[in-house]
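Structure file my_file_27.pdb (PDB, C-alpha atoms) is printed below.
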```pdb
ATOM      1  CA  MET A   1       0.000   0.000   0.000
ATOM      2  CA  ASP A   2       1.862   3.093  -1.282
ATOM      3  CA  LEU A   3       0.846   6.241   0.609
ATOM      4  CA  THR A   4       3.651   8.472  -0.657
ATOM      5  CA  ARG A   5       1.492   9.954  -3.429
ATOM      6  CA  VAL A   6      -1.547  10.541  -1.209
ATOM      7  CA  HIS A   7      -2.297  13.970   0.244
ATOM      8  CA  PRO A   8      -2.546  13.874   4.089
ATOM      9  CA  ILE A   9      -5.935  15.624   3.994
ATOM     10  CA  LEU A  10      -7.388  12.634   2.143
ATOM     11  CA  LEU A  11      -6.110  10.342   4.875
ATOM     12  CA  GLN A  12      -7.629  12.500   7.602
ATOM     13  CA  THR A  13     -10.955  12.502   5.758
ATOM     14  CA  PHE A  14     -10.741   8.719   5.426
ATOM     15  CA  LEU A  15     -10.257   8.326   9.203
ATOM     16  CA  GLU A  16     -13.199  10.609   9.944
ATOM     17  CA  VAL A  17     -15.519   8.660   7.622
ATOM     18  CA  ALA A  18     -14.291   5.355   9.076
ATOM     19  CA  ASP A  19     -15.048   6.616  12.587
ATOM     20  CA  ALA A  20     -18.434   8.139  11.739
ATOM     21  CA  GLY A  21     -19.713   5.283   9.570
ATOM     22  CA  GLN A  22     -21.601   7.808   7.445
ATOM     23  CA  ILE A  23     -20.486  10.295   4.804
ATOM     24  CA  SER A  24     -23.019  12.869   6.019
ATOM     25  CA  GLU A  25     -21.828  12.694   9.640
ATOM     26  CA  ALA A  26     -18.171  12.910   8.611
ATOM     27  CA  ALA A  27     -18.982  15.950   6.454
ATOM     28  CA  ARG A  28     -20.631  17.627   9.445
ATOM     29  CA  ARG A  29     -17.620  16.992  11.654
ATOM     30  CA  LEU A  30     -15.186  18.238   9.002
ATOM     31  CA  HIS A  31     -17.337  21.288   8.159
ATOM     32  CA  LEU A  32     -17.414  20.194   4.506
ATOM     33  CA  SER A  33     -20.209  19.414   2.086
ATOM     34  CA  GLN A  34     -21.192  15.792   1.597
ATOM     35  CA  PRO A  35     -20.153  15.807  -2.097
ATOM     36  CA  ALA A  36     -16.728  17.183  -1.090
ATOM     37  CA  VAL A  37     -16.153  14.322   1.356
ATOM     38  CA  THR A  38     -17.398  11.767  -1.177
ATOM     39  CA  GLY A  39     -15.022  13.238  -3.771
ATOM     40  CA  GLN A  40     -12.052  13.000  -1.415
ATOM     41  CA  ILE A  41     -12.778   9.354  -0.608
ATOM     42  CA  ARG A  42     -13.102   8.501  -4.299
ATOM     43  CA  ARG A  43      -9.824  10.283  -5.013
ATOM     44  CA  LEU A  44      -8.100   8.319  -2.244
ATOM     45  CA  GLU A  45      -9.484   5.026  -3.522
ATOM     46  CA  SER A  46      -8.344   5.950  -7.020
ATOM     47  CA  ASN A  47      -4.835   6.819  -5.844
ATOM     48  CA  LEU A  48      -4.534   3.568  -3.926
ATOM     49  CA  GLU A  49      -6.352   1.560  -6.638
ATOM     50  CA  MET A  50      -8.553  -0.237  -4.111
ATOM     51  CA  ALA A  51     -11.986   0.053  -2.525
ATOM     52  CA  LEU A  52     -11.880   1.208   1.089
ATOM     53  CA  PHE A  53     -15.592   1.331   1.890
ATOM     54  CA  ILE A  54     -18.713  -0.698   1.206
ATOM     55  CA  ARG A  55     -21.670   1.630   0.576
ATOM     56  CA  THR A  56     -25.111   0.717   1.898
ATOM     57  CA  SER A  57     -28.372   2.577   2.420
ATOM     58  CA  ARG A  58     -27.495   2.906   6.122
ATOM     59  CA  GLY A  59     -23.976   4.267   5.664
ATOM     60  CA  VAL A  60     -20.540   2.886   4.930
ATOM     61  CA  SER A  61     -18.409   0.098   6.369
ATOM     62  CA  LEU A  62     -14.753  -0.689   5.835
ATOM     63  CA  THR A  63     -13.489  -3.284   3.409
ATOM     64  CA  PRO A  64     -10.666  -5.517   4.731
ATOM     65  CA  GLU A  65      -8.199  -3.212   2.962
ATOM     66  CA  GLY A  66      -9.881  -0.186   4.497
ATOM     67  CA  ALA A  67      -9.687  -1.704   7.972
ATOM     68  CA  ARG A  68      -5.947  -2.344   7.560
ATOM     69  CA  LEU A  69      -5.412   1.223   6.373
ATOM     70  CA  ARG A  70      -7.349   2.618   9.339
ATOM     71  CA  ASP A  71      -5.279   0.593  11.817
ATOM     72  CA  ARG A  72      -2.016   1.732  10.233
ATOM     73  CA  LEU A  73      -3.048   5.370  10.065
ATOM     74  CA  GLN A  74      -4.228   5.488  13.666
ATOM     75  CA  GLY A  75      -0.770   4.404  14.774
ATOM     76  CA  VAL A  76       0.945   6.904  12.474
ATOM     77  CA  PHE A  77      -1.185   9.866  13.565
ATOM     78  CA  ALA A  78      -0.812   8.917  17.247
ATOM     79  CA  GLU A  79       2.979   8.933  16.829
ATOM     80  CA  LEU A  80       2.872  12.308  15.068
ATOM     81  CA  GLU A  81       0.761  13.759  17.865
ATOM     82  CA  GLU A  82       3.265  12.500  20.438
ATOM     83  CA  ILE A  83       6.092  14.169  18.528
ATOM     84  CA  VAL A  84       4.201  17.462  18.468
ATOM     85  CA  LEU A  85       3.558  17.216  22.216
ATOM     86  CA  GLU A  86       7.248  16.628  22.893
ATOM     87  CA  LEU A  87       8.184  19.623  20.760
ATOM     88  CA  ASN A  88       5.679  21.744  22.661
ATOM     89  CA  GLN A  89       7.566  21.079  25.896
ATOM     90  CA  THR A  90      10.160  23.608  24.809
ATOM     91  CA  ARG A  91       7.544  26.369  24.473
ATOM     92  CA  ASP A  92       6.922  28.822  27.288
ATOM     93  CA  VAL A  93       3.230  28.252  28.034
ATOM     94  CA  THR A  94       1.940  29.756  31.274
ATOM     95  CA  GLY A  95      -1.260  31.143  32.772
ATOM     96  CA  VAL A  96      -4.664  29.877  33.891
ATOM     97  CA  VAL A  97      -6.714  27.529  31.701
ATOM     98  CA  THR A  98     -10.328  28.632  32.203
ATOM     99  CA  ILE A  99     -12.928  26.240  30.883
ATOM    100  CA  GLY A 100     -16.634  25.631  31.463
ATOM    101  CA  ALA A 101     -17.873  22.060  31.545
ATOM    102  CA  SER A 102     -21.089  20.204  32.200
ATOM    103  CA  THR A 103     -21.050  17.917  35.211
ATOM    104  CA  THR A 104     -19.985  14.600  33.679
ATOM    105  CA  VAL A 105     -17.261  16.176  31.558
ATOM    106  CA  ALA A 106     -15.979  18.165  34.527
ATOM    107  CA  ARG A 107     -15.607  15.061  36.624
ATOM    108  CA  TYR A 108     -14.315  12.477  34.163
ATOM    109  CA  PHE A 109     -12.494  14.315  31.374
ATOM    110  CA  VAL A 110     -11.129  17.741  32.226
ATOM    111  CA  PRO A 111      -9.023  16.788  35.292
ATOM    112  CA  ARG A 112      -7.404  13.857  33.452
ATOM    113  CA  ILE A 113      -6.597  16.041  30.482
ATOM    114  CA  PHE A 114      -5.202  18.844  32.637
ATOM    115  CA  VAL A 115      -2.903  16.500  34.581
ATOM    116  CA  ARG A 116      -1.251  15.555  31.288
ATOM    117  CA  PHE A 117      -1.313  19.141  30.035
ATOM    118  CA  GLN A 118       0.482  20.412  33.127
ATOM    119  CA  HIS A 119       3.123  17.710  32.765
ATOM    120  CA  TYR A 120       4.188  19.446  29.562
ATOM    121  CA  HIS A 121       3.409  22.971  30.803
ATOM    122  CA  PRO A 122       4.103  22.949  34.574
ATOM    123  CA  THR A 123       3.511  26.686  35.112
ATOM    124  CA  THR A 124      -0.154  26.501  34.045
ATOM    125  CA  ALA A 125      -3.143  26.445  36.413
ATOM    126  CA  LEU A 126      -6.785  25.413  35.984
ATOM    127  CA  LYS A 127     -10.061  27.208  36.667
ATOM    128  CA  LEU A 128     -12.995  24.902  35.997
ATOM    129  CA  VAL A 129     -16.500  26.356  35.919
ATOM    130  CA  VAL A 130     -19.033  23.549  36.413
ATOM    131  CA  GLY A 131     -22.720  23.739  35.530
ATOM    132  CA  ASN A 132     -25.324  21.986  33.438
ATOM    133  CA  THR A 133     -25.161  22.385  29.674
ATOM    134  CA  ASP A 134     -27.482  25.396  29.534
ATOM    135  CA  ALA A 135     -25.460  27.256  32.183
ATOM    136  CA  VAL A 136     -22.142  26.684  30.397
ATOM    137  CA  LEU A 137     -23.593  27.848  27.078
ATOM    138  CA  ASP A 138     -24.925  31.001  28.739
ATOM    139  CA  HIS A 139     -21.447  31.763  30.101
ATOM    140  CA  LEU A 140     -20.014  31.404  26.615
ATOM    141  CA  ARG A 141     -22.620  33.659  25.011
ATOM    142  CA  ASP A 142     -21.938  36.304  27.677
ATOM    143  CA  HIS A 143     -18.187  35.988  26.922
ATOM    144  CA  ARG A 144     -17.426  35.040  30.513
ATOM    145  CA  LEU A 145     -15.766  31.937  29.004
ATOM    146  CA  SER A 146     -14.127  31.300  25.641
ATOM    147  CA  LEU A 147     -14.110  27.485  25.775
ATOM    148  CA  GLY A 148     -16.540  24.892  27.098
ATOM    149  CA  LEU A 149     -17.236  21.159  26.973
ATOM    150  CA  VAL A 150     -20.923  20.234  26.879
ATOM    151  CA  GLU A 151     -23.046  17.205  26.190
ATOM    152  CA  GLY A 152     -25.819  16.097  23.915
ATOM    153  CA  LEU A 153     -25.974  18.997  21.426
ATOM    154  CA  THR A 154     -25.065  19.341  17.766
ATOM    155  CA  ARG A 155     -25.831  23.057  17.438
ATOM    156  CA  SER A 156     -26.495  26.081  19.613
ATOM    157  CA  PRO A 157     -27.346  29.631  18.475
ATOM    158  CA  GLY A 158     -24.373  31.988  18.505
ATOM    159  CA  LEU A 159     -21.811  29.303  19.332
ATOM    160  CA  ARG A 160     -19.608  26.898  17.419
ATOM    161  CA  LEU A 161     -19.882  23.250  18.498
ATOM    162  CA  GLU A 162     -17.276  20.659  17.525
ATOM    163  CA  PRO A 163     -17.525  16.932  18.412
ATOM    164  CA  PHE A 164     -14.988  15.784  21.000
ATOM    165  CA  ILE A 165     -15.790  12.274  22.242
ATOM    166  CA  ARG A 166     -18.704   9.847  22.233
ATOM    167  CA  ASP A 167     -20.725   8.472  25.112
ATOM    168  CA  GLU A 168     -23.787   6.324  25.708
ATOM    169  CA  ILE A 169     -26.514   6.956  28.247
ATOM    170  CA  ILE A 170     -27.809   3.704  29.670
ATOM    171  CA  PRO A 171     -30.890   2.892  31.763
ATOM    172  CA  VAL A 172     -29.895   1.407  35.116
ATOM    173  CA  CYS A 173     -31.530   0.077  38.256
ATOM    174  CA  ALA A 174     -30.357  -1.430  41.520
ATOM    175  CA  ALA A 175     -28.986  -4.939  41.368
ATOM    176  CA  ARG A 176     -31.115  -5.729  44.420
ATOM    177  CA  ILE A 177     -34.573  -4.175  44.734
ATOM    178  CA  PRO A 178     -36.386  -4.864  48.023
ATOM    179  CA  ASP A 179     -39.820  -3.896  46.663
ATOM    180  CA  ILE A 180     -41.089  -7.087  45.014
ATOM    181  CA  LYS A 181     -43.751  -5.294  42.946
ATOM    182  CA  LEU A 182     -41.229  -2.799  41.564
ATOM    183  CA  ARG A 183     -38.678  -5.536  40.900
ATOM    184  CA  ARG A 184     -41.190  -7.527  38.858
ATOM    185  CA  ALA A 185     -42.278  -4.412  36.943
ATOM    186  CA  ILE A 186     -38.673  -3.638  35.990
ATOM    187  CA  GLU A 187     -38.026  -7.254  35.013
ATOM    188  CA  ALA A 188     -41.050  -7.010  32.680
ATOM    189  CA  VAL A 189     -39.640  -4.065  30.693
ATOM    190  CA  LYS A 190     -39.304  -5.171  27.061
ATOM    191  CA  SER A 191     -39.531  -1.832  25.235
ATOM    192  CA  ALA A 192     -39.171   1.892  25.860
ATOM    193  CA  SER A 193     -42.944   2.266  26.236
ATOM    194  CA  ASP A 194     -42.815  -0.112  29.228
ATOM    195  CA  LEU A 195     -41.046   2.659  31.172
ATOM    196  CA  GLN A 196     -44.436   4.335  31.550
ATOM    197  CA  GLY A 197     -45.666   3.653  35.043
ATOM    198  CA  LEU A 198     -42.213   3.030  36.518
ATOM    199  CA  PRO A 199     -40.614   5.462  38.982
ATOM    200  CA  LEU A 200     -37.907   7.263  36.984
ATOM    201  CA  ILE A 201     -35.042   9.279  38.439
ATOM    202  CA  TRP A 202     -34.136  12.302  36.292
ATOM    203  CA  ARG A 203     -31.523  15.012  36.077
ATOM    204  CA  GLU A 204     -32.879  18.550  36.430
ATOM    205  CA  PRO A 205     -34.372  20.428  33.432
ATOM    206  CA  GLY A 206     -31.563  21.974  31.391
ATOM    207  CA  ALA A 207     -29.180  19.063  31.907
ATOM    208  CA  GLY A 208     -27.777  17.709  28.644
ATOM    209  CA  ALA A 209     -28.289  14.079  29.642
ATOM    210  CA  ARG A 210     -31.989  14.639  30.299
ATOM    211  CA  ALA A 211     -32.484  16.299  26.907
ATOM    212  CA  VAL A 212     -30.809  13.350  25.168
ATOM    213  CA  VAL A 213     -32.943  10.803  27.026
ATOM    214  CA  GLU A 214     -36.209  12.615  26.339
ATOM    215  CA  ARG A 215     -35.361  12.974  22.643
ATOM    216  CA  HIS A 216     -34.584   9.274  22.254
ATOM    217  CA  LEU A 217     -37.704   8.245  24.132
ATOM    218  CA  GLU A 218     -39.830  10.410  21.848
ATOM    219  CA  GLU A 219     -38.119   8.801  18.856
ATOM    220  CA  ASN A 220     -39.246   5.463  20.314
ATOM    221  CA  GLU A 221     -42.851   6.796  20.360
ATOM    222  CA  VAL A 222     -42.965   7.281  24.119
ATOM    223  CA  ASP A 223     -45.375   9.978  25.332
ATOM    224  CA  LEU A 224     -43.266  12.022  27.778
ATOM    225  CA  ARG A 225     -46.425  13.272  29.486
ATOM    226  CA  LYS A 226     -47.107   9.738  30.686
ATOM    227  CA  LEU A 227     -43.705   9.302  32.339
ATOM    228  CA  ASP A 228     -43.064   9.577  36.064
ATOM    229  CA  TYR A 229     -41.136  12.761  36.982
ATOM    230  CA  ARG A 230     -41.405  12.514  40.760
ATOM    231  CA  PHE A 231     -37.598  12.413  41.192
ATOM    232  CA  GLU A 232     -35.553  15.285  39.701
ATOM    233  CA  LEU A 233     -32.035  15.758  41.063
ATOM    234  CA  GLY A 234     -29.264  18.171  40.128
ATOM    235  CA  SER A 235     -26.440  15.714  40.766
ATOM    236  CA  SER A 236     -25.491  12.385  39.235
ATOM    237  CA  GLU A 237     -24.127  11.262  42.609
ATOM    238  CA  ALA A 238     -27.508  11.917  44.218
ATOM    239  CA  ILE A 239     -29.209   9.987  41.414
ATOM    240  CA  LYS A 240     -26.897   7.019  41.955
ATOM    241  CA  THR A 241     -27.759   7.014  45.672
ATOM    242  CA  LEU A 242     -31.476   6.695  44.884
ATOM    243  CA  VAL A 243     -30.848   4.040  42.245
ATOM    244  CA  ILE A 244     -28.722   1.907  44.590
ATOM    245  CA  ALA A 245     -31.469   2.207  47.211
ATOM    246  CA  GLY A 246     -33.857   0.593  44.733
ATOM    247  CA  LEU A 247     -36.194   3.549  44.223
ATOM    248  CA  GLY A 248     -36.434   3.370  40.446
ATOM    249  CA  VAL A 249     -34.770   3.530  37.028
ATOM    250  CA  ALA A 250     -32.290   6.248  36.040
ATOM    251  CA  PHE A 251     -30.461   7.198  32.855
ATOM    252  CA  LEU A 252     -26.739   7.737  33.392
ATOM    253  CA  SER A 253     -23.614   8.112  31.322
ATOM    254  CA  SER A 254     -21.621   4.927  30.811
ATOM    255  CA  TRP A 255     -18.687   6.921  32.248
ATOM    256  CA  GLU A 256     -20.562   7.778  35.431
ATOM    257  CA  ILE A 257     -21.912   4.356  36.320
ATOM    258  CA  GLN A 258     -19.126   1.940  35.332
ATOM    259  CA  GLN A 259     -17.722   1.621  38.860
ATOM    260  CA  GLU A 260     -21.101   0.895  40.467
ATOM    261  CA  ILE A 261     -21.805  -1.758  37.826
ATOM    262  CA  ALA A 262     -18.398  -3.341  38.378
ATOM    263  CA  LEU A 263     -18.968  -3.439  42.156
ATOM    264  CA  GLY A 264     -22.378  -5.073  41.737
ATOM    265  CA  PHE A 265     -24.494  -2.241  43.168
ATOM    266  CA  VAL A 266     -26.234  -1.409  39.892
ATOM    267  CA  ARG A 267     -27.098  -3.237  36.712
ATOM    268  CA  GLN A 268     -27.841  -2.036  33.216
ATOM    269  CA  LEU A 269     -31.436  -2.443  32.116
ATOM    270  CA  PRO A 270     -31.337  -3.575  28.478
ATOM    271  CA  ILE A 271     -34.224  -2.149  26.459
ATOM    272  CA  PRO A 272     -34.431  -3.378  22.840
ATOM    273  CA  GLY A 273     -34.309  -0.548  20.325
ATOM    274  CA  LEU A 274     -33.276   2.104  22.853
ATOM    275  CA  HIS A 275     -29.697   3.177  22.121
ATOM    276  CA  MET A 276     -29.028   6.618  23.583
ATOM    277  CA  ASN A 277     -25.730   7.710  22.088
ATOM    278  CA  ARG A 278     -24.512  11.261  22.485
ATOM    279  CA  THR A 279     -21.425  13.314  21.801
ATOM    280  CA  TYR A 280     -19.512  15.560  24.145
ATOM    281  CA  SER A 281     -18.661  18.683  22.171
ATOM    282  CA  TRP A 282     -16.412  21.678  22.417
ATOM    283  CA  ALA A 283     -18.332  24.924  22.586
ATOM    284  CA  VAL A 284     -16.517  28.065  21.430
ATOM    285  CA  SER A 285     -17.936  31.547  21.883
ATOM    286  CA  SER A 286     -16.736  33.210  18.672
ATOM    287  CA  GLY A 287     -13.901  33.472  16.187
ATOM    288  CA  ASP A 288     -10.660  31.540  16.260
ATOM    289  CA  LEU A 289      -9.698  30.031  19.590
ATOM    290  CA  GLY A 290      -6.269  31.270  20.591
ATOM    291  CA  GLY A 291      -4.159  31.715  23.690
ATOM    292  CA  LEU A 292      -4.002  29.208  26.499
ATOM    293  CA  ALA A 293      -7.561  27.996  25.880
ATOM    294  CA  GLY A 294      -6.535  27.153  22.314
ATOM    295  CA  GLU A 295      -3.445  25.291  23.553
ATOM    296  CA  PHE A 296      -5.592  23.223  25.917
ATOM    297  CA  TYR A 297      -8.169  22.534  23.200
ATOM    298  CA  HIS A 298      -5.557  21.182  20.760
ATOM    299  CA  PHE A 299      -3.836  19.164  23.488
ATOM    300  CA  ALA A 300      -7.125  17.565  24.578
ATOM    301  CA  ASN A 301      -7.966  16.588  21.007
ATOM    302  CA  SER A 302      -4.564  14.910  20.679
ATOM    303  CA  MET A 303      -5.219  12.569  23.623
ATOM    304  CA  ARG A 304      -8.799  11.542  22.844
ATOM    305  CA  ALA A 305      -7.755   7.935  22.275
ATOM    306  CA  GLU A 306      -6.649   7.703  25.918
ATOM    307  CA  LEU A 307     -10.051   8.781  27.252
ATOM    308  CA  ILE A 308     -11.617   5.335  27.036
ATOM    309  CA  PRO A 309     -13.794   4.203  29.942
ATOM    310  CA  ILE A 310     -12.496   1.254  31.925
ATOM    311  CA  SER A 311     -14.644  -1.778  31.173
ATOM    312  CA  GLY A 312     -16.753  -2.736  34.119
ATOM    313  CA  ALA A 313     -17.430  -6.252  35.220
ATOM    314  CA  GLN A 314     -20.370  -8.030  33.705
ATOM    315  CA  ALA A 315     -23.565  -6.519  35.049
ATOM    316  CA  PRO A 316     -24.994  -8.603  37.880
ATOM    317  CA  LYS A 317     -28.411 -10.136  37.661
ATOM    318  CA  MET A 318     -31.143  -8.452  39.644
ATOM    319  CA  THR A 319     -31.971 -10.273  42.850
ATOM    320  CA  ASN A 320     -33.947  -9.667  46.000
ATOM    321  CA  ASP A 321     -32.297  -8.953  49.352
ATOM    322  CA  ARG A 322     -31.787 -11.907  51.603
TER     323      ARG A 322
END
```
Target encoding C-alpha cells, full file:
Amino acid sequence: MDLTRVHPILLQTFLEVADAGQISEAARRLHLSQPAVTGQIRRLESNLEMALFIRTSRGVSLTPEGARLRDRLQGVFAELEEIVLELNQTRDVTGVVTIGASTTVARYFVPRIFVRFQHYHPTTALKLVVGNTDAVLDHLRDHRLSLGLVEGLTRSPGLRLEPFIRDEIIPVCAARIPDIKLRRAIEAVKSASDLQGLPLIWREPGAGARAVVERHLEENEVDLRKLDYRFELGSSEAIKTLVIAGLGVAFLSSWEIQQEIALGFVRQLPIPGLHMNRTYSWAVSSGDLGGLAGEFYHFANSMRAELIPISGAQAPKMTNDR
C-alpha cells in the first residue's frame, strides 16, 4: 500500500468517515459538504487503486483493505501527535486555563486532560467552571468563558460546536430491589414504552443528559407526558444514591456508572431498540480560539484515544435482598 502519493488531507478525511460510519456525519464533523467528502474518498481510492468502503443505504463500512489502512493510520497519527507534544515542551506556556464544563465532563475528562497538560506545561493552572449544559452555554454567550465542553448537542445559536468524544446513556436500576412489585415491573420491561408507570429518576431540566434521554424516548414513540417525573435531582451522585437504594430507574452516562456496575451495586437495564448515544462537544464563543484555551483545546484533542472508559465487570443479575 503506497501512501507516498496521497495527500494527508485525504487520509484525515478517510479516518473521519471510518469513525463516523456515514459520509453525512463525517462531512458535518469536518465542516465540509457531503459531495466534497465523497469526492475525497473517491480520489483516495483511485490513488490507492482499491476500494476502502462498502456503501449501503445505512452508511458505509470498511473493506478488509480499508480496515488495515485505518489501523495503520491510527498508529501513524498517534505517533505524530506525540512528537508534536514533545516539541511543545520547549515552548513557554503559562497562565490559567479557564474552561466551562457540564457535570460529567468536569468530573471524568477535564481533570485527566489537565494532569497531562500540566506535565508538559508545569507553570499553568486550571479554573474549571461547572454547571449543566445550559449554564455553560450562557457563560459562553456572555463571553465570561471562551471554551466549554458540553453534552448532547449538535448546534447552539451563537456558538460553534465541535464533536470531541462519544458516550452512551444507559438505563440502570439497583442490582437488588427490596420492593417485590417494583422488581417484577422492571423485570417485565421489554420496550421503551414499558417505562411508563415506573418510577424514573431524572436530572434537572436543562441538563444535557436529560435532553438526550427525552429525545430518544420520543423517537421510540414514548409519550413524555405519561412518564413519572417525581424524582428530579441536580447531581449524578444523588441519582446514583437513589438508584442503589432501589427507588427506580435512572439514565446515566456509561462513564458515570461503570464503577457501580463493576462493584455489583447497579445493573444495566437492556431495552431493545433504545440506544441513547450522544457526543460531548467543544463549545466556542466566537472566532478563532487562541491563547491558552486554544493550547488546551488542541492538546485535549490529541489525547482523545486515551479517554476510554475502563470496562466494568459483567452486570450482575437483579436479585432480592436476603
Go through the shown structure with the PyMOL selection byres ((chain A and resi 300) around 9) and write out the matching residues as a PyMOL selection string. chain A and resi 110+113-114+117+164+295-299+301-304
Could the residues in this selection be written to a file with C-alpha atoms, as a JSON list (two decimals), keeping the file's coordinate frame?
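Dumped to out-v8.json:
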```json
[["chain", "number", "residue", "atom", "x", "y", "z"],
["A", 110, "VAL", "CA", -11.13, 17.74, 32.23],
["A", 113, "ILE", "CA", -6.60, 16.04, 30.48],
["A", 114, "PHE", "CA", -5.20, 18.84, 32.64],
["A", 117, "PHE", "CA", -1.31, 19.14, 30.04],
["A", 164, "PHE", "CA", -14.99, 15.78, 21.00],
["A", 295, "GLU", "CA", -3.44, 25.29, 23.55],
["A", 296, "PHE", "CA", -5.59, 23.22, 25.92],
["A", 297, "TYR", "CA", -8.17, 22.53, 23.20],
["A", 298, "HIS", "CA", -5.56, 21.18, 20.76],
["A", 299, "PHE", "CA", -3.84, 19.16, 23.49],
["A", 301, "ASN", "CA", -7.97, 16.59, 21.01],
["A", 302, "SER", "CA", -4.56, 14.91, 20.68],
["A", 303, "MET", "CA", -5.22, 12.57, 23.62],
["A", 304, "ARG", "CA", -8.80, 11.54, 22.84]]
```
Take CA of Gln196 in chain A and CA of Asp167 in chain A and report the distance between them in Å, one decimal.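 So the two atoms, CA of Gln196 in chain A and CA of Asp167 in chain A, lie 24.9 Å apart.
Each of A:Ile99, A:Ile239, A:Ile169, A:Leu149 was checked against Lys127 in chain A using only C-alpha atoms; the smallest atom-to-atom distance is that of A:Ile99.
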Nearest to Ala67 in chain A, chosen from A:Leu15, A:Leu195, A:Leu307, A:Leu140, with only C-alpha atoms counted in the distances: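 Closest to Ala67 in chain A, using only C-alpha atoms: A:Leu15.
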Residues at most 8 Å from Trp282 in chain A, counting only C-alpha atoms, excluding those fewer than 4 positions away in the same chain, as an mmCIF file with C-alpha atoms, in the coordinates of the input?
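What follows is the written file part.cif:
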```
data_model
loop_
_atom_site.group_PDB
_atom_site.id
_atom_site.type_symbol
_atom_site.label_atom_id
_atom_site.label_comp_id
_atom_site.auth_asym_id
_atom_site.auth_seq_id
_atom_site.Cartn_x
_atom_site.Cartn_y
_atom_site.Cartn_z
ATOM 1 C CA LEU A 147 -14.110 27.485 25.775
ATOM 2 C CA GLY A 148 -16.540 24.892 27.098
ATOM 3 C CA LEU A 149 -17.236 21.159 26.973
ATOM 4 C CA VAL A 150 -20.923 20.234 26.879
ATOM 5 C CA ARG A 160 -19.608 26.898 17.419
ATOM 6 C CA LEU A 161 -19.882 23.250 18.498
ATOM 7 C CA GLU A 162 -17.276 20.659 17.525
ATOM 8 C CA PRO A 163 -17.525 16.932 18.412
ATOM 9 C CA PHE A 164 -14.988 15.784 21.000
#
```
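Pairwise distance (CA of Ala283 in chain A, CA of Asp142 in chain A) equals 13.0 Å.
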Selection under test: the PyMOL selection byres ((chain A and resi 64) around 12); residues as a PDB file with C-alpha atoms, in the coordinates of the input:
```
ATOM      1  CA  MET A  50      -8.553  -0.237  -4.111  1.00  0.00           C
ATOM      2  CA  ALA A  51     -11.986   0.053  -2.525  1.00  0.00           C
ATOM      3  CA  LEU A  52     -11.880   1.208   1.089  1.00  0.00           C
ATOM      4  CA  PHE A  53     -15.592   1.331   1.890  1.00  0.00           C
ATOM      5  CA  ILE A  54     -18.713  -0.698   1.206  1.00  0.00           C
ATOM      6  CA  SER A  61     -18.409   0.098   6.369  1.00  0.00           C
ATOM      7  CA  LEU A  62     -14.753  -0.689   5.835  1.00  0.00           C
ATOM      8  CA  THR A  63     -13.489  -3.284   3.409  1.00  0.00           C
ATOM      9  CA  GLU A  65      -8.199  -3.212   2.962  1.00  0.00           C
ATOM     10  CA  GLY A  66      -9.881  -0.186   4.497  1.00  0.00           C
ATOM     11  CA  ALA A  67      -9.687  -1.704   7.972  1.00  0.00           C
ATOM     12  CA  ARG A  68      -5.947  -2.344   7.560  1.00  0.00           C
ATOM     13  CA  LEU A  69      -5.412   1.223   6.373  1.00  0.00           C
ATOM     14  CA  ARG A  70      -7.349   2.618   9.339  1.00  0.00           C
ATOM     15  CA  ASP A  71      -5.279   0.593  11.817  1.00  0.00           C
TER      16      ASP A  71
END
```
What residues come out when you apply the PyMOL selection byres ((chain A and resi 22) around 12) to this file, written as an mmCIF file with C-alpha atoms, in the frame of the given file?
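Saved result, expr22.cif, follows:
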```cif
data_model
loop_
_atom_site.group_PDB
_atom_site.id
_atom_site.type_symbol
_atom_site.label_atom_id
_atom_site.label_comp_id
_atom_site.auth_asym_id
_atom_site.auth_seq_id
_atom_site.Cartn_x
_atom_site.Cartn_y
_atom_site.Cartn_z
ATOM 1 C CA THR A 13 -10.955 12.502 5.758
ATOM 2 C CA PHE A 14 -10.741 8.719 5.426
ATOM 3 C CA LEU A 15 -10.257 8.326 9.203
ATOM 4 C CA GLU A 16 -13.199 10.609 9.944
ATOM 5 C CA VAL A 17 -15.519 8.660 7.622
ATOM 6 C CA ALA A 18 -14.291 5.355 9.076
ATOM 7 C CA ASP A 19 -15.048 6.616 12.587
ATOM 8 C CA ALA A 20 -18.434 8.139 11.739
ATOM 9 C CA GLY A 21 -19.713 5.283 9.570
ATOM 10 C CA ILE A 23 -20.486 10.295 4.804
ATOM 11 C CA SER A 24 -23.019 12.869 6.019
ATOM 12 C CA GLU A 25 -21.828 12.694 9.640
ATOM 13 C CA ALA A 26 -18.171 12.910 8.611
ATOM 14 C CA ALA A 27 -18.982 15.950 6.454
ATOM 15 C CA ARG A 28 -20.631 17.627 9.445
ATOM 16 C CA ARG A 29 -17.620 16.992 11.654
ATOM 17 C CA GLN A 34 -21.192 15.792 1.597
ATOM 18 C CA VAL A 37 -16.153 14.322 1.356
ATOM 19 C CA THR A 38 -17.398 11.767 -1.177
ATOM 20 C CA PHE A 53 -15.592 1.331 1.890
ATOM 21 C CA ILE A 54 -18.713 -0.698 1.206
ATOM 22 C CA ARG A 55 -21.670 1.630 0.576
ATOM 23 C CA THR A 56 -25.111 0.717 1.898
ATOM 24 C CA SER A 57 -28.372 2.577 2.420
ATOM 25 C CA ARG A 58 -27.495 2.906 6.122
ATOM 26 C CA GLY A 59 -23.976 4.267 5.664
ATOM 27 C CA VAL A 60 -20.540 2.886 4.930
ATOM 28 C CA SER A 61 -18.409 0.098 6.369
ATOM 29 C CA LEU A 62 -14.753 -0.689 5.835
#
```
